[in-house]
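Engineer: Mind having a look at this structure? Questions to follow.
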Amino acid sequence: MQNTLSGWDDTIVAIATPQGVGAIGVIRLSGKDAIAIIDRLFASKELTKQATHTLHVGLLKEAGIVIDEVVVSLYKNPKSYTGEDVVEISCHGSPYVQQQVVEACIRMGARMAKPGEFTQRAFLNGKLDLTQAEAVADLIAAETEAVHQTALQQMKGGFSNDIKQLREQLIHFAALIELELDFGEEDVEFADRKKLEDLVDEILHSVQKLIRSFKLGNIIKNGVTTVIAGRPNAGKSTLLNALLNEERAIVTAIAGTTRDTIEEKLVVNGIAFRLIDTAGIREATDVIEKMGIEKSMEKINSAGILMYVFDVNTNTEKDVLDDLEKLQQPNQQVLIVANKIDTADKAQLDQLHAGIHAFNKDNRQVFEISALNKTQIDELVNYLPSLVLSEKINTGQTIVVNSRHYASLLDCETSLLKVQSGLRSGISGDLLALDIRHALQALGEITGEILHDRDILGTIFGKFCIGK
Ligand code: GDP
């Protein structure tokens, strides 16, 4: 698939390391003139005559003026990241120097790369398939160990292999059916229909397993939104602070509008719980606040976990049940947090325990804590993963994390279900063949072997950073 989608005669350049000051900065060039371009700037030796996979130390100069002392790495096609000639220039890490190097390369004939363009070229030159290219973006963005591991597994081709195997099985299946079609007029059934049914069941089973893994994939990739709700003064903010104990929390406050919700991230066993404090939800006075509150309500409604906090000293059992009735959404996990245990007397605790079976309805777990004294907080934190995971994450298994892949798998499933019911009801081979082709197409779109809609590449690679 050499240079099929655009006439890639040009050579691209970009800074590959993060913006800002660093010890070193790396500038990357890719394209047929990459080595010639760097050669025009490199004063110490003739780079066009050097072997591939070699490093060269020397001065970069333009019009007699030294830009920097650099190390140049050469990778000749096809053994490079993009499959083209690639040059990496390691220079001193100041933004000014890096910019000078890029500008000099542009004056020598390169052009600025677009986001993801290096990886896009790698894909179009057959270096990576689409799932692997997408994994590169995930890997760069990975914030937790689990995301990192899944992306790595996908980049190494784990997922592609699964899809490839499924395609091969389906192609075998299609061949059997087509054989039957060729001889259709003679009214011969070549393919043993029972065997075909078994084969389609098996393929369907694998596809459905991948589809199911997306729930986990989504949790791994995007985390679980967890809202902390409850009446004013129940202790929501205190609990949030206790949960975000510095030792375990990676705090990323996402500042919205002034009265928007605040999101903090708590990572437990590799899963990010995005905690949203809804404190202040009731104090709406003006329009902007009202908008903020509507946003909070949307968040509560779409959250995976509702952590409902109440004050054992002042909130009655009825208060709690009434609130839960209003707040709890279908498919939402609920955790009831009985707070301020430290100030509760025996009568209050007895009352709480007497009412716990009502709280426990629908698998709702109750935790008795003191947010202020940080009692039972670790237990609460450690319990969180079990709310969303039925088993431990095994990153060796293939987990679908990408919604594009998920959509294609669903398409594939729909077609396979048609094939399955068609086989059972004995419909003709040509109708079956049509659905099999659809199923194959859906799988091919995942890896990029078949590209229905070429705009999709722009969407996928546009999300990358420049230089990747
Ligand atoms: P929010 O309105 O739900 O966010 O409640 P806050 O977190 O602001 O807490 C309200 C008051 O209750 C504050 O004075 C807290 O110090 C106090 N508080 C919170 N948790 C506890 C607790 O576990 N025990 C005691 N004794 N006081 C608490």
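Chain labels run A, B, ... following the order of the structure tokens; each chain numbers its residues from 1, and ligands are numbered from 1 in the order shown.
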With only C-alpha atoms as the counted atoms, please give the residues lying no more than 7 Å from Ile27 (chain A), apart from itself and same-chain residues fewer than 5 positions off, as a list in words.

Structural biologist: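 Here the answer would be Ala14, Ile15, Ala16, Glu88, Ile89 and Ser90 of chain A.
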
Engineer: Would you name the residues within 10 Å of ligand 1, counting only C-alpha atoms and all ligand atoms, and put them as a PyMOL selection string?

Structural biologist: chain A and resi 228-242+277-281+309-313+338-344+368-375

Engineer: Would you pick out the contacts of region 359-365 of chain A at 8 Å or less, using only C-alpha atoms, so that residues sharing its chain but fewer than 6 positions from it are not included, and give the list as a PyMOL selection string?

Structural biologist: chain A and resi 321+333-336

Engineer: Near Val70 (chain A), within 8 Å and counting only C-alpha atoms, which residues show up once chain neighbours fewer than 6 positions away are dropped, as a PyMOL selection string?

Structural biologist: chain A and resi 57-60+89-92

Engineer: Write out the residues from the selection above, keeping N, CA and C atoms, as a CSV table (one decimal), in the first residue's frame.

Structural biologist:
```csv
chain,number,residue,atom,x,y,z
A,57,VAL,N,27.2,12.7,15.3
A,57,VAL,CA,27.3,13.9,16.1
A,57,VAL,C,27.9,15.0,15.3
A,58,GLY,N,27.4,16.2,15.4
A,58,GLY,CA,28.0,17.3,14.6
A,58,GLY,C,27.2,18.6,14.8
A,59,LEU,N,27.6,19.6,14.0
A,59,LEU,CA,27.0,20.9,14.1
A,59,LEU,C,25.9,21.1,13.0
A,60,LEU,N,24.8,21.7,13.3
A,60,LEU,CA,23.8,22.1,12.3
A,60,LEU,C,24.1,23.5,12.0
A,89,ILE,N,16.6,14.3,14.9
A,89,ILE,CA,17.6,15.2,15.3
A,89,ILE,C,17.4,15.5,16.8
A,90,SER,N,18.4,15.0,17.6
A,90,SER,CA,18.3,15.4,19.0
A,90,SER,C,19.2,16.6,19.2
A,91,CYS,N,18.5,17.7,19.6
A,91,CYS,CA,19.2,18.9,19.8
A,91,CYS,C,19.0,19.4,21.3
A,92,HIS,N,19.6,20.5,21.7
A,92,HIS,CA,19.3,21.0,23.0
A,92,HIS,C,17.9,21.4,23.2
```

Engineer: Need the shell around region 124-135 of chain A: protein/DNA/RNA residues with any atom at most 7 Å away, counting only C-alpha atoms. Skip same-chain ones fewer than 4 positions apart. Format as a list in words?

Structural biologist: Met1, Gln2, Asn3, Thr82, Gly83, Thr119, Gln120, Leu139, Ala151, Gln154, Met155, Gly157, Ser160, Ile446, Thr447 and Gly448 of chain A

Engineer: Okay, now the selection with N, CA, C and O atoms, as a compact mmCIF listing (two decimals), in the first residue's frame?

Structural biologist:
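As a result, out18.txt now contains:
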```txt
# COMPACT_ATOMS: atom_id res chain seq x y z
N MET A 1 0.84 -1.21 0.00
CA MET A 1 0.00 0.00 0.00
C MET A 1 0.87 1.25 0.00
O MET A 1 0.73 2.11 0.86
N GLN A 2 1.82 1.33 -0.87
CA GLN A 2 2.75 2.44 -0.83
C GLN A 2 2.09 3.73 -1.33
O GLN A 2 1.63 3.79 -2.47
N ASN A 3 2.06 4.74 -0.46
CA ASN A 3 1.59 6.07 -0.86
C ASN A 3 0.32 6.07 -1.70
O ASN A 3 0.28 6.64 -2.78
N THR A 82 7.89 5.10 9.87
CA THR A 82 6.88 5.39 8.85
C THR A 82 7.01 4.51 7.62
O THR A 82 6.12 4.49 6.78
N GLY A 83 8.14 3.83 7.49
CA GLY A 83 8.39 3.06 6.26
C GLY A 83 9.10 3.90 5.21
O GLY A 83 9.52 3.40 4.18
N THR A 119 2.36 8.73 11.97
CA THR A 119 1.71 7.44 12.19
C THR A 119 0.78 7.10 11.03
O THR A 119 0.65 5.94 10.64
N GLN A 120 0.15 8.13 10.46
CA GLN A 120 -0.72 7.89 9.30
C GLN A 120 0.10 7.31 8.14
O GLN A 120 -0.32 6.38 7.46
N LEU A 139 -1.65 5.00 23.88
CA LEU A 139 -0.45 4.81 24.70
C LEU A 139 0.10 6.15 25.16
O LEU A 139 0.50 6.32 26.30
N ALA A 151 -3.22 -0.71 25.83
CA ALA A 151 -2.78 -0.06 24.60
C ALA A 151 -1.55 -0.78 24.05
O ALA A 151 -1.43 -1.01 22.84
N GLN A 154 -2.49 -3.93 22.39
CA GLN A 154 -3.12 -3.66 21.10
C GLN A 154 -2.06 -3.25 20.07
O GLN A 154 -2.11 -3.63 18.91
N MET A 155 -1.08 -2.47 20.53
CA MET A 155 -0.07 -1.99 19.60
C MET A 155 0.81 -3.15 19.13
O MET A 155 1.25 -3.16 17.99
N GLY A 157 -0.20 -5.85 18.46
CA GLY A 157 -0.96 -6.59 17.45
C GLY A 157 -1.86 -7.68 18.02
O GLY A 157 -2.39 -8.49 17.27
N SER A 160 -5.38 -7.18 16.66
CA SER A 160 -5.38 -7.43 15.21
C SER A 160 -5.35 -8.92 14.91
O SER A 160 -6.01 -9.39 13.99
N ILE A 446 -12.11 -2.68 11.00
CA ILE A 446 -11.43 -2.50 12.28
C ILE A 446 -9.92 -2.36 12.07
O ILE A 446 -9.29 -1.44 12.58
N THR A 447 -9.36 -3.26 11.29
CA THR A 447 -7.91 -3.22 11.09
C THR A 447 -7.52 -2.27 9.97
O THR A 447 -6.34 -1.98 9.79
N GLY A 448 -8.51 -1.81 9.19
CA GLY A 448 -8.20 -0.90 8.10
C GLY A 448 -7.92 -1.61 6.79
O GLY A 448 -7.54 -0.98 5.80
```

Engineer: In Å to one decimal, how far is CA of Val366 (chain A) from CA of Leu349 (chain A)?

Structural biologist: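 So the two atoms, CA of Leu349 (chain A) and CA of Val366 (chain A), lie 13.1 Å apart.
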
Engineer: Would you mind writing down, as an MDAnalysis selection string, each residue of region 155-231 of chain A that DSSP on the backbone assigns to strand (DSSP E or B)?

Structural biologist: chainID A and resid 224:230

Engineer: Hey, can you check how far CA of Ile106 (chain A) sits from CA of Phe42 (chain A)?

Structural biologist: 14.4 Å

Engineer: Which parts of region 28-152 of chain A does DSSP call helix (DSSP H, G or I) when run on the backbone here, written out as a VMD selection string?

Structural biologist: chain A and resid 34 to 41 47 to 49 95 to 107 117 to 124 130 to 141 145 to 152

Engineer: Print the selection's residues with C-alpha atoms to a file, as a PDB file, in the first residue's frame.

Structural biologist:
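That gives us selection29.pdb:
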```pdb
ATOM      1  CA  ALA A  34      14.562  13.565   4.721  1.00  0.00           C
ATOM      2  CA  ILE A  35      18.238  12.644   4.519  1.00  0.00           C
ATOM      3  CA  ALA A  36      19.031  15.154   1.772  1.00  0.00           C
ATOM      4  CA  ILE A  37      17.399  17.922   3.810  1.00  0.00           C
ATOM      5  CA  ILE A  38      19.382  17.211   6.969  1.00  0.00           C
ATOM      6  CA  ASP A  39      22.504  16.789   4.865  1.00  0.00           C
ATOM      7  CA  ARG A  40      22.165  20.400   3.658  1.00  0.00           C
ATOM      8  CA  LEU A  41      22.279  21.567   7.284  1.00  0.00           C
ATOM      9  CA  LEU A  47      24.927  12.167   5.673  1.00  0.00           C
ATOM     10  CA  THR A  48      23.613  10.898   2.344  1.00  0.00           C
ATOM     11  CA  LYS A  49      26.587   8.522   2.259  1.00  0.00           C
ATOM     12  CA  PRO A  95      11.981  25.770  22.519  1.00  0.00           C
ATOM     13  CA  TYR A  96      13.966  28.407  20.601  1.00  0.00           C
ATOM     14  CA  VAL A  97      16.602  25.949  19.334  1.00  0.00           C
ATOM     15  CA  GLN A  98      13.976  23.366  18.414  1.00  0.00           C
ATOM     16  CA  GLN A  99      11.994  25.950  16.482  1.00  0.00           C
ATOM     17  CA  GLN A 100      15.170  27.087  14.661  1.00  0.00           C
ATOM     18  CA  VAL A 101      15.903  23.502  13.596  1.00  0.00           C
ATOM     19  CA  VAL A 102      12.342  22.998  12.327  1.00  0.00           C
ATOM     20  CA  GLU A 103      12.394  26.284  10.423  1.00  0.00           C
ATOM     21  CA  ALA A 104      15.753  25.474   8.867  1.00  0.00           C
ATOM     22  CA  CYS A 105      14.418  22.084   7.724  1.00  0.00           C
ATOM     23  CA  ILE A 106      11.401  23.826   6.194  1.00  0.00           C
ATOM     24  CA  ARG A 107      13.660  26.251   4.325  1.00  0.00           C
ATOM     25  CA  GLU A 117       0.876  12.370  10.068  1.00  0.00           C
ATOM     26  CA  PHE A 118       3.929  10.224  10.870  1.00  0.00           C
ATOM     27  CA  THR A 119       1.707   7.440  12.193  1.00  0.00           C
ATOM     28  CA  GLN A 120      -0.722   7.886   9.304  1.00  0.00           C
ATOM     29  CA  ARG A 121       2.148   7.337   6.879  1.00  0.00           C
ATOM     30  CA  ALA A 122       3.203   4.283   8.891  1.00  0.00           C
ATOM     31  CA  PHE A 123      -0.321   2.928   8.468  1.00  0.00           C
ATOM     32  CA  LEU A 124      -0.530   3.675   4.749  1.00  0.00           C
ATOM     33  CA  LEU A 130      -5.339   0.772  12.054  1.00  0.00           C
ATOM     34  CA  THR A 131      -5.853  -0.742  15.507  1.00  0.00           C
ATOM     35  CA  GLN A 132      -2.132  -0.524  16.175  1.00  0.00           C
ATOM     36  CA  ALA A 133      -2.021   3.081  15.011  1.00  0.00           C
ATOM     37  CA  GLU A 134      -4.924   3.920  17.281  1.00  0.00           C
ATOM     38  CA  ALA A 135      -3.140   2.188  20.145  1.00  0.00           C
ATOM     39  CA  VAL A 136      -0.211   4.567  19.653  1.00  0.00           C
ATOM     40  CA  ALA A 137      -2.513   7.488  20.465  1.00  0.00           C
ATOM     41  CA  ASP A 138      -3.913   5.642  23.483  1.00  0.00           C
ATOM     42  CA  LEU A 139      -0.453   4.808  24.697  1.00  0.00           C
ATOM     43  CA  ILE A 140       0.620   8.427  24.577  1.00  0.00           C
ATOM     44  CA  ALA A 141      -2.506   9.488  26.439  1.00  0.00           C
ATOM     45  CA  GLU A 145      -1.231   1.302  34.291  1.00  0.00           C
ATOM     46  CA  ALA A 146      -4.278  -0.541  32.933  1.00  0.00           C
ATOM     47  CA  VAL A 147      -4.698   1.824  29.978  1.00  0.00           C
ATOM     48  CA  HIS A 148      -1.000   1.553  29.263  1.00  0.00           C
ATOM     49  CA  GLN A 149      -1.057  -2.246  29.322  1.00  0.00           C
ATOM     50  CA  THR A 150      -4.134  -2.558  27.105  1.00  0.00           C
ATOM     51  CA  ALA A 151      -2.776  -0.057  24.596  1.00  0.00           C
ATOM     52  CA  LEU A 152       0.570  -1.858  24.540  1.00  0.00           C
TER      53      LEU A 152
END
```

Engineer: Go through A:Leu204, A:Leu389, A:Val87, A:Ala113 one by one, measure the shortest atom-to-atom distance of each to Gly462 (chain A) using only C-alpha atoms, and give the residue with the smallest value.

Structural biologist: A:Ala113

Engineer: Please provide the set of residues having any atom within 10 Å of region 430-433 of chain A, restricted to only C-alpha atoms, with same-chain residues fewer than 4 positions apart removed, written as a PyMOL selection string.

Structural biologist: chain A and resi 173-178+180-182+184+415-416+418-423+426+437-439

Engineer: CA of Gln165 (chain A) and CA of Asn77 (chain A) are how many Å apart?

Structural biologist: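 Between these atoms lies a distance of 29.5 Å.
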
Engineer: Between A:Leu434, A:Lys164, A:Lys215, A:Ala43, which has the minimum distance to Gly64 (chain A) (counting only C-alpha atoms)?

Structural biologist: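 Of A:Leu434, A:Lys164, A:Lys215, A:Ala43, the one nearest Gly64 (chain A) is A:Ala43, counting only C-alpha atoms.
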
Engineer: Skip region 380-388 of chain A itself and residues of its chain fewer than 5 positions away, then list as a PyMOL selection string all residues within 9 Å of it, counting only C-alpha atoms.

Structural biologist: chain A and resi 216+219+224+243+266+268-269+271+273+304-305+333-335+337+367+369

Engineer: For a quick check of understanding, using only C-alpha atoms, which of A:Lys32, A:His205, A:His357, A:Lys61 has the smallest distance to Val86 (chain A)?

Structural biologist: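 Using only C-alpha atoms, the shortest distance to Val86 (chain A) belongs to A:Lys32.
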